[in-house]
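Engineer: Got protein_35.cif for you, mmCIF, C-alpha atoms:
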```
data_input
loop_
_atom_site.label_atom_id
_atom_site.label_comp_id
_atom_site.auth_asym_id
_atom_site.auth_seq_id
_atom_site.Cartn_x
_atom_site.Cartn_y
_atom_site.Cartn_z
CA MET W 212 -95.39 -93.09 -8.48
CA PRO W 213 -97.36 -93.00 -11.78
CA PRO W 214 -100.56 -90.97 -11.83
CA ARG W 215 -103.78 -92.83 -11.21
CA PRO W 216 -105.90 -93.41 -14.28
CA PRO W 217 -109.00 -91.22 -14.37
CA VAL W 218 -112.16 -92.70 -12.93
CA PRO W 219 -114.61 -93.23 -15.76
CA LYS W 220 -117.70 -91.06 -15.56
CA ARG W 221 -120.84 -93.01 -14.67
CA LYS W 222 -123.72 -93.07 -17.12
CA ARG W 223 -126.63 -91.12 -15.59
CA PHE W 224 -130.25 -92.26 -15.82
CA PHE W 225 -133.30 -90.45 -14.53
CA ILE W 226 -136.03 -92.39 -12.72
CA GLY W 227 -139.35 -90.81 -11.75
CA ALA W 228 -140.74 -92.99 -8.97
CA GLU W 229 -144.41 -92.87 -8.02
CA GLY W 230 -143.55 -93.40 -4.34
CA GLU W 231 -141.01 -94.83 -1.90
CA SER W 232 -141.63 -98.44 -3.01
CA GLU W 233 -140.72 -97.62 -6.61
CA LYS W 234 -137.70 -95.66 -5.38
CA SER W 235 -136.47 -98.74 -3.51
CA PHE W 236 -137.06 -100.87 -6.59
CA ALA W 237 -135.02 -98.42 -8.68
CA ARG W 238 -132.19 -98.44 -6.10
CA TRP W 239 -132.17 -102.23 -6.30
CA LEU W 240 -131.94 -102.05 -10.11
CA GLU W 241 -129.01 -99.66 -9.72
CA ARG W 242 -127.23 -102.14 -7.45
CA LEU W 243 -127.77 -104.96 -9.94
CA ARG W 244 -126.43 -102.81 -12.77
CA ASN W 245 -123.41 -101.69 -10.77
CA HIS W 246 -122.33 -105.16 -9.68
CA PRO W 247 -119.41 -105.74 -9.72
CA ASN W 248 -118.28 -102.36 -11.12
CA PRO W 249 -120.10 -99.07 -10.50
CA ILE W 250 -120.81 -97.73 -13.98
CA VAL W 251 -124.26 -96.10 -13.71
CA HIS W 252 -125.96 -93.60 -11.47
CA LEU W 253 -129.73 -93.50 -11.17
CA ASP W 254 -130.96 -90.03 -10.31
CA ILE W 255 -134.27 -90.92 -8.65
CA THR W 256 -137.03 -88.51 -7.74
CA VAL W 257 -140.09 -89.52 -5.74
CA CYS W 258 -143.18 -87.93 -7.26
CA ASP W 259 -145.32 -88.30 -4.10
CA GLY W 260 -148.34 -89.90 -5.72
CA GLY W 261 -151.40 -88.33 -7.25
CA ASP W 262 -152.92 -89.38 -10.54
CA SER W 263 -150.75 -90.56 -13.43
CA LEU W 264 -150.59 -87.15 -15.10
CA ALA W 265 -149.56 -85.41 -11.85
CA ILE W 266 -146.80 -87.96 -11.33
CA ALA W 267 -145.60 -87.63 -14.93
CA ASN W 268 -145.69 -83.81 -14.78
CA HIS W 269 -143.62 -83.81 -11.57
CA ALA W 270 -141.12 -86.28 -13.06
CA VAL W 271 -140.74 -84.33 -16.32
CA ALA W 272 -140.20 -81.07 -14.39
CA GLN W 273 -137.47 -82.74 -12.31
CA TYR W 274 -135.95 -84.32 -15.42
CA ARG W 275 -135.66 -80.89 -17.06
CA LYS W 276 -134.34 -79.22 -13.90
CA ARG W 277 -131.69 -81.91 -13.33
CA THR W 278 -130.72 -81.93 -17.00
CA ASP W 279 -130.18 -78.17 -16.86
CA ALA W 280 -128.16 -78.48 -13.64
CA HIS W 281 -126.05 -81.55 -14.42
CA GLY W 282 -126.24 -82.26 -18.15
CA LYS W 283 -128.03 -84.81 -20.29
CA PHE W 284 -129.17 -88.19 -19.04
CA ALA W 285 -128.51 -91.40 -20.97
CA ALA W 286 -132.28 -92.02 -20.63
CA GLY W 287 -135.21 -91.29 -18.36
CA LEU W 288 -137.97 -93.56 -17.07
CA ILE W 289 -141.15 -92.77 -15.15
CA LEU W 290 -142.47 -95.77 -13.21
CA LEU W 291 -146.28 -95.87 -13.06
CA ASP W 292 -148.79 -98.49 -11.90
CA SER W 293 -150.78 -99.68 -14.91
CA ASP W 294 -153.96 -100.39 -12.91
CA ARG W 295 -155.00 -96.74 -12.86
CA ILE W 296 -154.17 -95.69 -16.40
CA LYS W 297 -157.59 -96.48 -17.90
CA GLN W 298 -159.38 -94.36 -15.28
CA ASP W 299 -156.86 -91.52 -15.55
CA ARG W 300 -157.22 -91.45 -19.34
CA SER W 301 -161.02 -91.39 -19.09
CA ASN W 302 -160.66 -88.36 -16.76
CA ASN W 303 -158.39 -86.57 -19.26
CA ARG W 304 -155.38 -87.26 -17.02
CA ASP W 305 -153.36 -89.27 -19.53
CA PRO W 306 -149.68 -89.18 -18.46
CA GLU W 307 -148.64 -89.09 -22.13
CA ILE W 308 -149.66 -85.39 -22.08
CA ALA W 309 -146.65 -84.62 -19.85
CA LEU W 310 -144.28 -86.15 -22.40
CA LYS W 311 -145.51 -84.09 -25.35
CA GLY W 312 -142.42 -82.56 -26.96
CA GLN W 313 -140.11 -84.10 -24.34
CA ARG W 314 -137.31 -86.34 -25.57
CA GLY W 315 -135.22 -88.89 -23.71
CA ILE W 316 -137.82 -89.91 -21.14
CA ARG W 317 -140.54 -92.54 -21.33
CA LEU W 318 -143.33 -94.00 -19.24
CA VAL W 319 -142.96 -97.52 -17.86
CA TYR W 320 -146.09 -99.31 -16.65
CA LEU W 321 -145.69 -101.74 -13.75
CA THR W 322 -148.43 -104.34 -14.24
CA PRO W 323 -150.70 -103.98 -12.42
CA ASN W 324 -148.51 -102.32 -9.77
CA LEU W 325 -145.18 -102.84 -8.04
CA GLU W 326 -146.53 -105.58 -5.76
CA GLY W 327 -147.71 -107.48 -8.85
CA LEU W 328 -144.22 -107.18 -10.30
CA LEU W 329 -142.63 -108.37 -7.04
CA LEU W 330 -144.95 -111.39 -7.09
CA ARG W 331 -143.69 -112.25 -10.59
CA LEU W 332 -140.09 -112.17 -9.40
CA HIS W 333 -140.79 -115.35 -7.41
CA ALA W 334 -139.89 -118.53 -9.28
CA GLY W 335 -142.92 -120.13 -10.86
CA HIS W 336 -144.98 -116.91 -10.73
CA GLU W 337 -143.42 -114.96 -13.60
CA GLN W 338 -146.58 -115.31 -15.72
CA GLU W 339 -149.02 -114.61 -12.87
CA PHE W 340 -150.71 -111.32 -13.70
CA VAL W 341 -153.31 -110.84 -10.95
CA ALA W 342 -155.82 -108.02 -10.53
CA ALA W 343 -154.52 -104.97 -8.67
CA ASP W 344 -156.78 -105.52 -5.66
CA LYS W 345 -155.40 -109.06 -5.25
CA THR W 346 -151.67 -108.39 -5.66
CA LEU W 347 -150.83 -107.73 -2.02
CA ARG W 348 -152.59 -110.89 -0.83
CA ALA W 349 -150.95 -112.97 -3.60
CA LEU W 350 -147.53 -111.48 -2.84
CA ARG W 351 -147.87 -112.20 0.88
CA LYS W 352 -148.59 -115.86 0.11
CA GLN W 353 -145.11 -116.03 -1.39
CA TRP W 354 -143.50 -113.48 0.93
CA PRO W 355 -145.39 -113.42 4.26
CA GLU W 356 -143.07 -110.85 5.86
CA TYR W 357 -143.42 -108.33 3.01
CA LYS W 358 -143.90 -104.76 4.25
CA LYS W 359 -144.43 -101.77 2.03
CA PRO W 360 -142.11 -100.13 1.10
CA ALA W 361 -139.51 -102.89 0.92
CA SER W 362 -136.07 -101.31 0.98
CA ALA W 363 -133.43 -101.94 -1.67
CA ASP W 364 -131.56 -103.98 0.97
CA VAL W 365 -134.58 -106.22 1.50
CA LEU W 366 -135.10 -106.63 -2.25
CA ASP W 367 -131.40 -107.45 -2.60
CA THR W 368 -131.62 -110.26 -0.07
CA ARG W 369 -134.88 -111.61 -1.54
CA PHE W 370 -134.19 -111.49 -5.30
CA ASP W 371 -131.33 -111.53 -7.77
CA LEU W 372 -130.77 -110.67 -11.42
CA SER W 373 -131.98 -114.08 -12.62
CA ASP W 374 -135.38 -113.44 -10.98
CA LEU W 375 -135.65 -110.14 -12.83
CA GLN W 376 -134.58 -111.70 -16.13
CA ARG W 377 -137.07 -114.56 -15.77
CA ALA W 378 -139.94 -112.14 -15.12
CA ALA W 379 -138.84 -109.87 -17.98
CA ARG W 380 -139.34 -112.71 -20.47
CA HIS W 381 -143.09 -112.32 -19.82
CA ASP W 382 -143.30 -108.54 -19.34
CA ASP W 383 -142.51 -106.17 -22.23
CA GLU W 384 -142.31 -103.10 -19.98
CA LEU W 385 -139.88 -104.75 -17.57
CA ARG W 386 -137.80 -105.99 -20.50
CA GLU W 387 -137.55 -102.37 -21.75
CA VAL W 388 -136.33 -101.24 -18.32
CA LEU W 389 -133.58 -103.85 -18.38
CA LYS W 390 -132.58 -102.88 -21.94
CA THR W 391 -132.57 -99.17 -21.11
CA LEU W 392 -130.37 -99.64 -18.05
CA GLY W 393 -128.08 -102.10 -19.83
CA LEU W 394 -128.97 -105.09 -17.66
CA PRO W 395 -128.49 -108.39 -19.49
CA LEU W 396 -131.54 -110.27 -20.75
CA ARG W 397 -131.71 -114.06 -20.89
#
```
What is this file in structure tokens?

Structural biologist:
Amino acid sequence: MPPRPPVPKRKRFFIGAEGESEKSFARWLERLRNHPNPIVHLDITVCDGGDSLAIANHAVAQYRKRTDAHGKFAAGLILLDSDRIKQDRSNNRDPEIALKGQRGIRLVYLTPNLEGLLLRLHAGHEQEFVAADKTLRALRKQWPEYKKPASADVLDTRFDLSDLQRAARHDDELREVLKTLGLPLR
């Protein structure tokens, strides 16, 4: 019997997730990228909230630790809600501080938050950028049974790659996530 060909090594990406909801979203992205062939691994760390700088500092520390332990990542992303950035910056808590001198990792702003992004994944709502305090109500109009955090399984049954691509046409940050992970754009 001839020897089996070696299994190709998966490309590793680092994701710093603000909380469990963002972790589930990242897992769903990983599933989309790995269908039909598993070719990437997302190494996801939950940063357990706090202000934007605290989240970014935690993510960068984990990025460095995991790079030292397992080698370089293809890229790293830190998922942050954009609705709090202005306040954090005015309080000298700009998350960009955590990235000073750090290569291979970047901040991604979910506008205004993950629920706002999930709303835009619904057909006909891809250009609907609502205020942060209205996103949950607007999302539940489209998805009455939505519960936070929605698991990757739930996201997988609710949305597909075409929903993500459609929303990315109107969201530069989301488009960068797709490009970074190698998901096709339309």

Engineer: Let me know the residues the PyMOL selection byres ((chain W and resi 310-314) around 10) catches in the file above, as a CSV table (one decimal) with C-alpha atoms, in the frame of the given file.

Structural biologist:
```csv
chain,number,residue,atom,x,y,z
W,264,LEU,CA,-150.6,-87.2,-15.1
W,267,ALA,CA,-145.6,-87.6,-14.9
W,268,ASN,CA,-145.7,-83.8,-14.8
W,270,ALA,CA,-141.1,-86.3,-13.1
W,271,VAL,CA,-140.7,-84.3,-16.3
W,274,TYR,CA,-136.0,-84.3,-15.4
W,275,ARG,CA,-135.7,-80.9,-17.1
W,286,ALA,CA,-132.3,-92.0,-20.6
W,287,GLY,CA,-135.2,-91.3,-18.4
W,306,PRO,CA,-149.7,-89.2,-18.5
W,307,GLU,CA,-148.6,-89.1,-22.1
W,308,ILE,CA,-149.7,-85.4,-22.1
W,309,ALA,CA,-146.6,-84.6,-19.8
W,315,GLY,CA,-135.2,-88.9,-23.7
W,316,ILE,CA,-137.8,-89.9,-21.1
W,317,ARG,CA,-140.5,-92.5,-21.3
W,318,LEU,CA,-143.3,-94.0,-19.2
```

Engineer: To verify the selection step, state as number ranges by chain which residues the PyMOL selection byres ((chain W and resi 266) around 12) yields on this input.

Structural biologist: W: 226-230, 256-265, 267-273, 288-292, 296, 299, 304-310, 318

Engineer: My list of candidates is W:Pro219, W:Thr391, W:Leu332, W:Arg397. Which is closest to Arg244 of chain W when distances are computed with all atoms listed in the file?

Structural biologist: W:Thr391

Engineer: How would you write, as a VMD selection string, the residues chosen by the PyMOL selection byres ((chain W and resi 349) around 12) on this structure?

Structural biologist: chain W and resid 326 to 331 333 336 339 to 348 350 to 355 357

Engineer: Could you name the residues that touch Glu337 of chain W at 12 Å or less, counting only C-alpha atoms, but leaving out those on the same chain fewer than 6 positions away, as a VMD selection string?

Structural biologist: chain W and resid 322 327 to 331 373 to 382 385

Engineer: Could you check which of W:Ser362, W:Leu372, W:Glu231, W:Asp383 is closest to Asn245 of chain W, using all atoms listed in the file?

Structural biologist: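 When distances to Asn245 of chain W are compared using all atoms listed in the file, the smallest one comes from W:Leu372.
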
Engineer: Which residue is closest to Asp364 of chain W? Choose from W:Glu241, W:Asp294, W:Asp279, W:Asp254 and count all atoms listed in the file.

Structural biologist: W:Glu241

Engineer: Calculate how many Å separate atom CA of Asn303 of chain W from atom CA of Phe225 of chain W, rounding to one decimal.

Structural biologist: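 About the pair atom CA of Asn303 of chain W and atom CA of Phe225 of chain W: they are 25.8 Å apart.
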
Engineer: Restricting the calculation to all atoms listed in the file, which member of W:Leu240, W:Arg221, W:Phe284, W:Pro216 is positioned closest to Pro395 of chain W?

Structural biologist: W:Leu240
